[in-house]
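> One file is attached below, query-v6.csv, containing CSV, C-alpha atoms.
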chain,number,residue,atom,x,y,z
A,1464,MET,CA,-0.2,0.2,-15.2
A,1465,ARG,CA,-1.5,3.6,-14.1
A,1466,VAL,CA,-4.2,3.5,-11.5
A,1467,ALA,CA,-6.2,6.5,-10.2
A,1468,ILE,CA,-7.7,6.2,-6.7
A,1469,LEU,CA,-10.4,8.7,-5.5
A,1470,ASP,CA,-11.3,9.0,-1.9
A,1471,ASP,CA,-11.7,12.0,0.4
A,1472,GLU,CA,-10.4,10.1,3.4
A,1473,PRO,CA,-6.5,10.1,3.5
A,1474,ALA,CA,-6.4,6.9,5.6
A,1475,GLU,CA,-8.6,5.1,3.2
A,1476,LEU,CA,-6.4,6.2,0.3
A,1477,ARG,CA,-3.3,4.9,2.0
A,1478,ARG,CA,-5.0,1.5,2.7
A,1479,VAL,CA,-6.0,1.1,-1.0
A,1480,GLU,CA,-2.5,2.1,-2.1
A,1481,GLN,CA,-0.9,-0.5,0.3
A,1482,THR,CA,-3.3,-3.2,-1.0
A,1483,LEU,CA,-2.5,-2.5,-4.7
A,1484,HIS,CA,1.2,-2.2,-4.0
A,1485,GLN,CA,1.1,-5.9,-3.0
A,1486,MET,CA,-0.4,-6.7,-6.4
A,1487,SER,CA,2.2,-4.7,-8.4
A,1488,GLN,CA,5.3,-6.5,-7.0
A,1489,PRO,CA,5.1,-9.8,-8.9
A,1490,ALA,CA,3.7,-8.1,-12.0
A,1491,GLU,CA,5.8,-7.7,-15.2
A,1492,ASP,CA,4.9,-4.0,-15.5
A,1493,ASP,CA,5.4,-1.4,-12.8
A,1494,TRP,CA,2.2,0.0,-11.2
A,1495,SER,CA,2.0,3.7,-10.8
A,1496,LEU,CA,-0.6,4.7,-8.2
A,1497,HIS,CA,-2.1,8.2,-8.3
A,1498,SER,CA,-4.4,9.3,-5.4
A,1499,PHE,CA,-6.9,12.1,-5.4
A,1500,GLU,CA,-9.0,13.5,-2.5
A,1501,ARG,CA,-11.2,15.7,-4.7
A,1502,GLY,CA,-13.2,14.6,-7.7
A,1503,GLU,CA,-12.5,17.8,-9.6
A,1504,ASP,CA,-8.7,17.1,-9.3
A,1505,LEU,CA,-9.2,13.7,-10.8
A,1506,LEU,CA,-11.4,15.1,-13.6
A,1507,ARG,CA,-8.8,17.6,-14.4
A,1508,GLU,CA,-6.2,14.9,-14.7
A,1509,LEU,CA,-8.5,12.7,-16.8
A,1510,ARG,CA,-8.7,15.5,-19.3
A,1511,ARG,CA,-5.0,15.5,-19.9
A,1512,ASN,CA,-3.7,12.1,-18.9
A,1513,THR,CA,-4.4,8.3,-19.3
A,1514,PHE,CA,-5.2,5.7,-16.7
A,1515,ASP,CA,-5.6,1.9,-17.0
A,1516,LEU,CA,-7.9,1.6,-14.0
A,1517,LEU,CA,-10.1,3.9,-11.8
A,1518,ILE,CA,-11.1,3.1,-8.2
A,1519,LEU,CA,-13.8,5.5,-7.1
A,1520,ASP,CA,-15.4,6.5,-3.9
A,1521,TRP,CA,-19.0,7.6,-4.3
A,1522,GLN,CA,-19.5,10.4,-1.8
A,1523,LEU,CA,-17.2,13.3,-2.0
A,1524,PRO,CA,-17.7,17.0,-1.1
A,1525,ASP,CA,-17.4,18.3,-4.7
A,1526,LEU,CA,-17.7,15.9,-7.6
A,1527,SER,CA,-18.9,12.4,-6.7
A,1528,GLY,CA,-17.4,9.1,-8.0
A,1529,ILE,CA,-20.6,8.2,-9.8
A,1530,GLU,CA,-20.5,11.6,-11.7
A,1531,LEU,CA,-16.9,11.0,-12.7
A,1532,LEU,CA,-17.8,7.5,-13.8
A,1533,ARG,CA,-20.6,8.8,-16.0
A,1534,TRP,CA,-18.3,11.5,-17.4
A,1535,THR,CA,-15.7,8.9,-18.5
A,1536,ARG,CA,-18.4,6.9,-20.3
A,1537,GLU,CA,-19.9,9.9,-22.0
A,1538,HIS,CA,-16.7,11.8,-23.0
A,1539,MET,CA,-13.9,9.3,-23.4
A,1540,GLU,CA,-13.6,7.2,-26.6
A,1541,VAL,CA,-12.0,4.4,-24.7
A,1542,PRO,CA,-12.9,4.8,-21.0
A,1543,PRO,CA,-10.7,2.9,-18.5
A,1544,PRO,CA,-12.3,0.2,-16.4
A,1545,ALA,CA,-13.7,1.4,-13.1
A,1546,ILE,CA,-14.4,-0.1,-9.7
A,1547,MET,CA,-16.7,1.7,-7.2
A,1548,LEU,CA,-15.3,1.4,-3.7
A,1549,THR,CA,-17.8,2.9,-1.3
A,1550,SER,CA,-19.7,2.6,2.0
A,1551,ARG,CA,-23.0,2.8,0.0
A,1552,ASP,CA,-24.0,-0.9,-0.2
A,1553,GLY,CA,-27.8,-0.8,-0.9
A,1554,GLU,CA,-29.1,-2.8,-3.8
A,1555,ASN,CA,-30.3,0.4,-5.6
A,1556,ASP,CA,-26.8,1.9,-5.2
A,1557,ILE,CA,-25.1,-1.1,-6.7
A,1558,VAL,CA,-27.6,-1.3,-9.6
A,1559,GLN,CA,-27.2,2.5,-10.3
A,1560,ALA,CA,-23.4,2.2,-10.4
A,1561,LEU,CA,-23.4,-0.9,-12.7
A,1562,ASN,CA,-25.9,0.8,-15.0
A,1563,ALA,CA,-23.7,3.9,-15.1
A,1564,GLY,CA,-20.8,1.7,-16.4
A,1565,ALA,CA,-18.9,0.5,-13.3
A,1566,ASP,CA,-17.1,-2.8,-13.9
A,1567,ASP,CA,-17.4,-3.9,-10.3
A,1568,TYR,CA,-18.6,-2.7,-6.9
A,1569,VAL,CA,-16.8,-3.2,-3.6
A,1570,SER,CA,-18.3,-2.2,-0.2
A,1571,LYS,CA,-16.4,-0.6,2.6
A,1572,PRO,CA,-14.8,-1.6,4.8
A,1573,PHE,CA,-13.1,-3.7,2.1
A,1574,ARG,CA,-11.1,-6.8,2.6
A,1575,PRO,CA,-7.7,-6.5,1.0
A,1576,ASN,CA,-7.6,-9.9,-0.6
A,1577,GLU,CA,-11.1,-9.5,-2.1
A,1578,LEU,CA,-10.1,-6.1,-3.6
A,1579,LYS,CA,-7.0,-7.6,-5.1
A,1580,ALA,CA,-9.0,-10.4,-6.6
A,1581,ARG,CA,-11.7,-8.1,-8.0
A,1582,VAL,CA,-9.0,-5.7,-9.5
A,1583,ALA,CA,-7.3,-8.7,-11.2
A,1584,ALA,CA,-10.6,-10.0,-12.5
A,1585,VAL,CA,-11.6,-6.6,-14.0
A,1586,LEU,CA,-8.2,-6.1,-15.7
A,1587,ARG,CA,-8.2,-9.6,-17.0
A,1588,ARG,CA,-11.7,-9.2,-18.4
A,1589,HIS,CA,-10.9,-5.9,-20.1
A,1590,SER,CA,-7.7,-7.4,-21.6
A,1591,GLN,CA,-9.7,-10.3,-23.1
A,1592,GLN,CA,-12.3,-7.9,-24.4
A,1593,ARG,CA,-9.7,-5.7,-26.1
A,1594,SER,CA,-8.1,-8.8,-27.7
A,1595,ALA,CA,-11.4,-10.0,-29.1
A,1596,ALA,CA,-12.8,-6.7,-30.2
A,1597,THR,CA,-9.8,-4.9,-31.6
A,1598,GLU,CA,-7.8,-7.6,-33.3
A,1599,VAL,CA,-7.9,-5.5,-36.5
A,1600,LEU,CA,-8.2,-1.6,-36.4
A,1601,SER,CA,-8.4,0.7,-39.4
A,1602,PHE,CA,-7.3,4.4,-39.4
A,1603,ASN,CA,-7.7,6.0,-42.8
A,1604,ASP,CA,-5.3,3.9,-45.0
A,1605,LEU,CA,-3.5,2.3,-42.0
A,1606,VAL,CA,-4.7,-1.2,-40.8
A,1607,PHE,CA,-3.4,-2.5,-37.4
A,1608,ASP,CA,-3.4,-6.3,-36.9
A,1609,ASP,CA,-3.0,-7.2,-33.3
A,1610,ALA,CA,-2.7,-10.9,-34.0
A,1611,GLU,CA,0.3,-10.4,-36.3
A,1612,LEU,CA,1.6,-7.1,-34.7
A,1613,THR,CA,1.7,-5.6,-38.2
A,1614,VAL,CA,0.6,-2.4,-39.9
A,1615,ASN,CA,-0.4,-2.3,-43.6
A,1616,ARG,CA,-1.0,0.6,-45.9
A,1617,ALA,CA,-3.2,-0.2,-48.9
A,1618,GLY,CA,-2.2,-3.9,-48.5
A,1619,SER,CA,1.5,-3.2,-48.3
A,1620,PRO,CA,3.2,-4.1,-44.9
A,1621,ILE,CA,5.2,-1.5,-43.0
A,1622,VAL,CA,8.2,-3.0,-41.3
A,1623,MET,CA,8.1,-2.3,-37.6
A,1624,THR,CA,9.5,-3.7,-34.4
A,1625,GLU,CA,7.0,-5.0,-31.8
A,1626,ARG,CA,7.7,-2.0,-29.5
A,1627,GLU,CA,7.1,0.4,-32.4
A,1628,TYR,CA,3.8,-1.3,-33.2
A,1629,ARG,CA,2.6,-1.1,-29.6
A,1630,LEU,CA,3.6,2.5,-29.3
A,1631,ALA,CA,1.9,3.4,-32.6
A,1632,ARG,CA,-1.3,1.5,-31.6
A,1633,CYS,CA,-1.4,3.4,-28.3
A,1634,LEU,CA,-1.1,6.7,-30.1
A,1635,PHE,CA,-3.9,5.8,-32.6
A,1636,THR,CA,-6.3,4.4,-30.0
A,1637,ASN,CA,-5.9,7.7,-28.0
A,1638,LEU,CA,-6.4,10.1,-30.9
A,1639,GLY,CA,-6.7,13.6,-29.8
A,1640,ARG,CA,-5.6,12.8,-26.2
A,1641,PRO,CA,-2.3,14.1,-24.8
A,1642,LEU,CA,-0.1,11.2,-23.6
A,1643,SER,CA,2.6,12.1,-21.1
A,1644,ARG,CA,6.2,10.9,-21.5
A,1645,GLU,CA,5.9,9.4,-18.1
A,1646,TYR,CA,2.9,7.3,-19.2
A,1647,LEU,CA,4.5,6.1,-22.4
A,1648,TYR,CA,7.8,5.2,-20.7
A,1649,GLN,CA,6.0,3.3,-17.9
A,1650,ARG,CA,4.1,1.3,-20.5
A,1651,PHE,CA,6.8,0.5,-23.0
A,1652,TRP,CA,10.3,0.7,-21.4
A,1653,THR,CA,12.1,-0.6,-18.4
A,1654,HIS,CA,13.7,1.8,-15.9
A,1655,GLU,CA,17.2,0.7,-17.1
A,1656,GLU,CA,16.4,1.6,-20.7
A,1657,MET,CA,15.0,5.0,-19.7
A,1658,VAL,CA,18.1,6.1,-17.9
A,1659,SER,CA,20.5,4.9,-20.5
A,1660,SER,CA,19.1,6.9,-23.5
A,1661,ARG,CA,16.1,8.8,-24.9
A,1662,PRO,CA,14.3,5.9,-26.6
A,1663,LEU,CA,10.9,7.5,-26.8
A,1664,ASP,CA,12.1,10.4,-29.0
A,1665,THR,CA,13.9,8.0,-31.3
A,1666,HIS,CA,10.7,5.9,-31.6
A,1667,ILE,CA,8.5,8.9,-32.3
A,1668,TYR,CA,10.9,10.0,-35.0
A,1669,ARG,CA,10.7,6.5,-36.6
A,1670,LEU,CA,6.9,6.4,-36.4
A,1671,ARG,CA,6.6,9.7,-38.1
A,1672,ASN,CA,8.6,8.5,-41.0
A,1673,LYS,CA,7.4,4.9,-41.2
A,1674,LEU,CA,3.7,5.6,-40.9
A,1675,GLY,CA,3.7,9.0,-42.7
A,1676,LEU,CA,2.3,10.9,-39.8
A,1677,THR,CA,2.1,14.2,-41.8
A,1678,ALA,CA,-0.7,16.5,-42.6
A,1679,ASP,CA,-0.8,15.5,-46.3
A,1680,ARG,CA,-1.7,12.0,-45.1
A,1681,GLY,CA,-4.2,13.2,-42.6
A,1682,TRP,CA,-2.2,13.1,-39.4
A,1683,GLN,CA,-0.4,15.4,-37.1
A,1684,LEU,CA,1.8,14.1,-34.3
A,1685,LEU,CA,2.4,17.0,-32.0
A,1686,THR,CA,5.1,17.4,-29.4
A,1687,ILE,CA,3.7,19.0,-26.2
A,1688,TYR,CA,6.6,20.9,-24.7
A,1689,GLY,CA,7.4,19.6,-21.2
A,1690,TYR,CA,4.7,17.0,-21.3
A,1691,GLY,CA,4.6,14.5,-24.2
A,1692,TYR,CA,2.8,13.9,-27.5
A,1693,ARG,CA,-0.6,14.0,-29.1
A,1694,LEU,CA,-1.7,12.4,-32.3
A,1695,GLU,CA,-4.5,14.2,-34.2
A,1696,SER,CA,-6.5,13.5,-37.3
A,1697,VAL,CA,-6.5,16.4,-39.8
A,1698,ALA,CA,-7.9,16.9,-43.3
A,1699,ALA,CA,-5.5,15.5,-45.8
A,1700,THR,CA,-4.1,18.0,-48.3
A,1701,ILE,CA,-3.5,15.5,-51.1
A,1702,GLU,CA,-4.8,12.1,-52.1
If you took the structure in this file and wrote it as structure tokens, what would it be?

Amino acid sequence: MRVAILDDEPAELRRVEQTLHQMSQPAEDDWSLHSFERGEDLLRELRRNTFDLLILDWQLPDLSGIELLRWTREHMEVPPPAIMLTSRDGENDIVQALNAGADDYVSKPFRPNELKARVAAVLRRHSQQRSAATEVLSFNDLVFDDAELTVNRAGSPIVMTEREYRLARCLFTNLGRPLSREYLYQRFWTHEEMVSSRPLDTHIYRLRNKLGLTADRGWQLLTIYGYGYRLESVAATIE
């Protein structure tokens, strides 16, 4: 669970971090919190990395939280859920943020237990929406079935482990976006597995072969040196 927090007040950033750390302890997956004091810095990171949740202050000296929110809804194919956390608490402000795509709105000074409850509710709601809306996904001749955790090509099943399926689905639902090794490891492996071997490289090699991620089939799985991987759709060279 990668969370980006935007606020130009360092003390407020620390307070949000402390609150979310309390949520991450009992969770099955580790939470990775990334704090930003400038909107431009977060925008730069959004162009090259992936987050599961955004918590945005409204008023910043450079790029405001509401402008960042609109950018994610206009330029990202699958924008992450976002919560506005701001001292602006007028009715018009709340309406403007929700209309811009915010999933919730929390006024400062926030109450830690309320923020935790709202974060949990937003994540739960998005998880349910993804399950309902993306049970079956098609990419060229590949069909992903979330209910069965299977991939089919032209009606023929491709044998995959559950982890291979989830890694492949992540790559396909983030087409054209670079995914860092750090992000993929945090999502799909435990710390013990990471230090004992190089499982990501092995799984990428298997996915290339099993799914035919080659230019002649319309795909290019690029290795970004020192960073991670990016799956791209290209014009197929043969039928």
> Excluding A:Leu1634 and residues on its chain fewer than 2 positions from it, collect all residues at most 10 Å away from it, counting all atoms listed in the file, and give them as a list in words.
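The neighbour list is Tyr1628, Arg1629, Leu1630, Ala1631, Arg1632, Thr1636, Asn1637, Leu1638, Gly1639, Arg1640, Pro1641, Leu1642, Leu1647, Leu1684, Tyr1692, Arg1693, Leu1694 and Glu1695 of chain A.
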> Restricted to C-alpha atoms, what would the selected residues look like written as a PDB file, in the frame of the given file?

ATOM      1  CA  TYR A1628       3.800  -1.300 -33.200  1.00  0.00           C
ATOM      2  CA  ARG A1629       2.600  -1.100 -29.600  1.00  0.00           C
ATOM      3  CA  LEU A1630       3.600   2.500 -29.300  1.00  0.00           C
ATOM      4  CA  ALA A1631       1.900   3.400 -32.600  1.00  0.00           C
ATOM      5  CA  ARG A1632      -1.300   1.500 -31.600  1.00  0.00           C
ATOM      6  CA  THR A1636      -6.300   4.400 -30.000  1.00  0.00           C
ATOM      7  CA  ASN A1637      -5.900   7.700 -28.000  1.00  0.00           C
ATOM      8  CA  LEU A1638      -6.400  10.100 -30.900  1.00  0.00           C
ATOM      9  CA  GLY A1639      -6.700  13.600 -29.800  1.00  0.00           C
ATOM     10  CA  ARG A1640      -5.600  12.800 -26.200  1.00  0.00           C
ATOM     11  CA  PRO A1641      -2.300  14.100 -24.800  1.00  0.00           C
ATOM     12  CA  LEU A1642      -0.100  11.200 -23.600  1.00  0.00           C
ATOM     13  CA  LEU A1647       4.500   6.100 -22.400  1.00  0.00           C
ATOM     14  CA  LEU A1684       1.800  14.100 -34.300  1.00  0.00           C
ATOM     15  CA  TYR A1692       2.800  13.900 -27.500  1.00  0.00           C
ATOM     16  CA  ARG A1693      -0.600  14.000 -29.100  1.00  0.00           C
ATOM     17  CA  LEU A1694      -1.700  12.400 -32.300  1.00  0.00           C
ATOM     18  CA  GLU A1695      -4.500  14.200 -34.200  1.00  0.00           C
TER      19      GLU A1695
END
> Would you list the contacts of stretch 1668-1679 of chain A as JSON, numbers by chain, taking every protein, DNA or RNA residue within 12 Å and counting all atoms listed in the file, but skipping same-chain residues closer than 4 positions in sequence?
{"A": [1602, 1603, 1604, 1605, 1606, 1607, 1613, 1614, 1615, 1616, 1619, 1620, 1621, 1622, 1623, 1624, 1626, 1627, 1628, 1629, 1630, 1631, 1632, 1633, 1634, 1635, 1661, 1662, 1663, 1664, 1683, 1684, 1685, 1686, 1692, 1693, 1694, 1695, 1696, 1697, 1698, 1699, 1700, 1701, 1702]}
> As an exercise, work out the distance from atom CA of A:Thr1482 to atom CA of A:Pro1575 in Å and give it to one decimal place.
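Here the two named atoms are 5.9 Å from each other.
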> In Å, rounded to a single decimal, give me how far atom CA of A:Gln1481 is from atom CA of A:Arg1536.
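Computing the Euclidean distance for atom CA of A:Arg1536 and atom CA of A:Gln1481 yields 28.0 Å.
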> List the neighbours of A:Leu1532 out to 9 Å using only C-alpha atoms; skip same-chain residues closer than 2 positions along the sequence, and give me the result as a ChimeraX atom specification.
/A:1517,1519,1527-1530,1534-1537,1545,1547,1560,1563-1565
> Output the selection as a compact mmCIF listing (two decimals), in the frame of the given file - C-alpha atoms for each residue.

# COMPACT_ATOMS: atom_id res chain seq x y z
CA LEU A 1517 -10.10 3.90 -11.80
CA LEU A 1519 -13.80 5.50 -7.10
CA SER A 1527 -18.90 12.40 -6.70
CA GLY A 1528 -17.40 9.10 -8.00
CA ILE A 1529 -20.60 8.20 -9.80
CA GLU A 1530 -20.50 11.60 -11.70
CA TRP A 1534 -18.30 11.50 -17.40
CA THR A 1535 -15.70 8.90 -18.50
CA ARG A 1536 -18.40 6.90 -20.30
CA GLU A 1537 -19.90 9.90 -22.00
CA ALA A 1545 -13.70 1.40 -13.10
CA MET A 1547 -16.70 1.70 -7.20
CA ALA A 1560 -23.40 2.20 -10.40
CA ALA A 1563 -23.70 3.90 -15.10
CA GLY A 1564 -20.80 1.70 -16.40
CA ALA A 1565 -18.90 0.50 -13.30
> Rounded to one decimal in Å, what is the spacing between atom CA of A:Arg1465 and atom CA of A:Asp1515?
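Computing it gives 5.3 Å between the two atoms.
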> May I have the residues within 9 Å of stretch 1504-1510 of chain A as a PDB file with C-alpha atoms, in the coordinates of the input, using only C-alpha atoms and disregarding those fewer than 3 positions away in the same chain?

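And here's selection09.pdb as it stands now:
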ATOM      1  CA  ALA A1467      -6.200   6.500 -10.200  1.00  0.00           C
ATOM      2  CA  ILE A1468      -7.700   6.200  -6.700  1.00  0.00           C
ATOM      3  CA  LEU A1469     -10.400   8.700  -5.500  1.00  0.00           C
ATOM      4  CA  SER A1498      -4.400   9.300  -5.400  1.00  0.00           C
ATOM      5  CA  PHE A1499      -6.900  12.100  -5.400  1.00  0.00           C
ATOM      6  CA  GLU A1500      -9.000  13.500  -2.500  1.00  0.00           C
ATOM      7  CA  ARG A1501     -11.200  15.700  -4.700  1.00  0.00           C
ATOM      8  CA  THR A1513      -4.400   8.300 -19.300  1.00  0.00           C
ATOM      9  CA  PHE A1514      -5.200   5.700 -16.700  1.00  0.00           C
ATOM     10  CA  LEU A1526     -17.700  15.900  -7.600  1.00  0.00           C
ATOM     11  CA  LEU A1531     -16.900  11.000 -12.700  1.00  0.00           C
ATOM     12  CA  TRP A1534     -18.300  11.500 -17.400  1.00  0.00           C
ATOM     13  CA  THR A1535     -15.700   8.900 -18.500  1.00  0.00           C
ATOM     14  CA  ARG A1640      -5.600  12.800 -26.200  1.00  0.00           C
ATOM     15  CA  PRO A1641      -2.300  14.100 -24.800  1.00  0.00           C
TER      16      PRO A1641
END
> Could you tell me which of A:Val1466, A:Leu1612, A:Ile1557, A:Leu1600 comes closest to A:Ile1518 if we count all atoms listed in the file?
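Closest to A:Ile1518, using all atoms listed in the file: A:Val1466.
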> Which is closest to A:Leu1483 among A:His1497, A:Lys1579, A:Arg1533, A:His1538, if we use all atoms listed in the file?
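So, comparing all the options, the nearest one is A:Lys1579.
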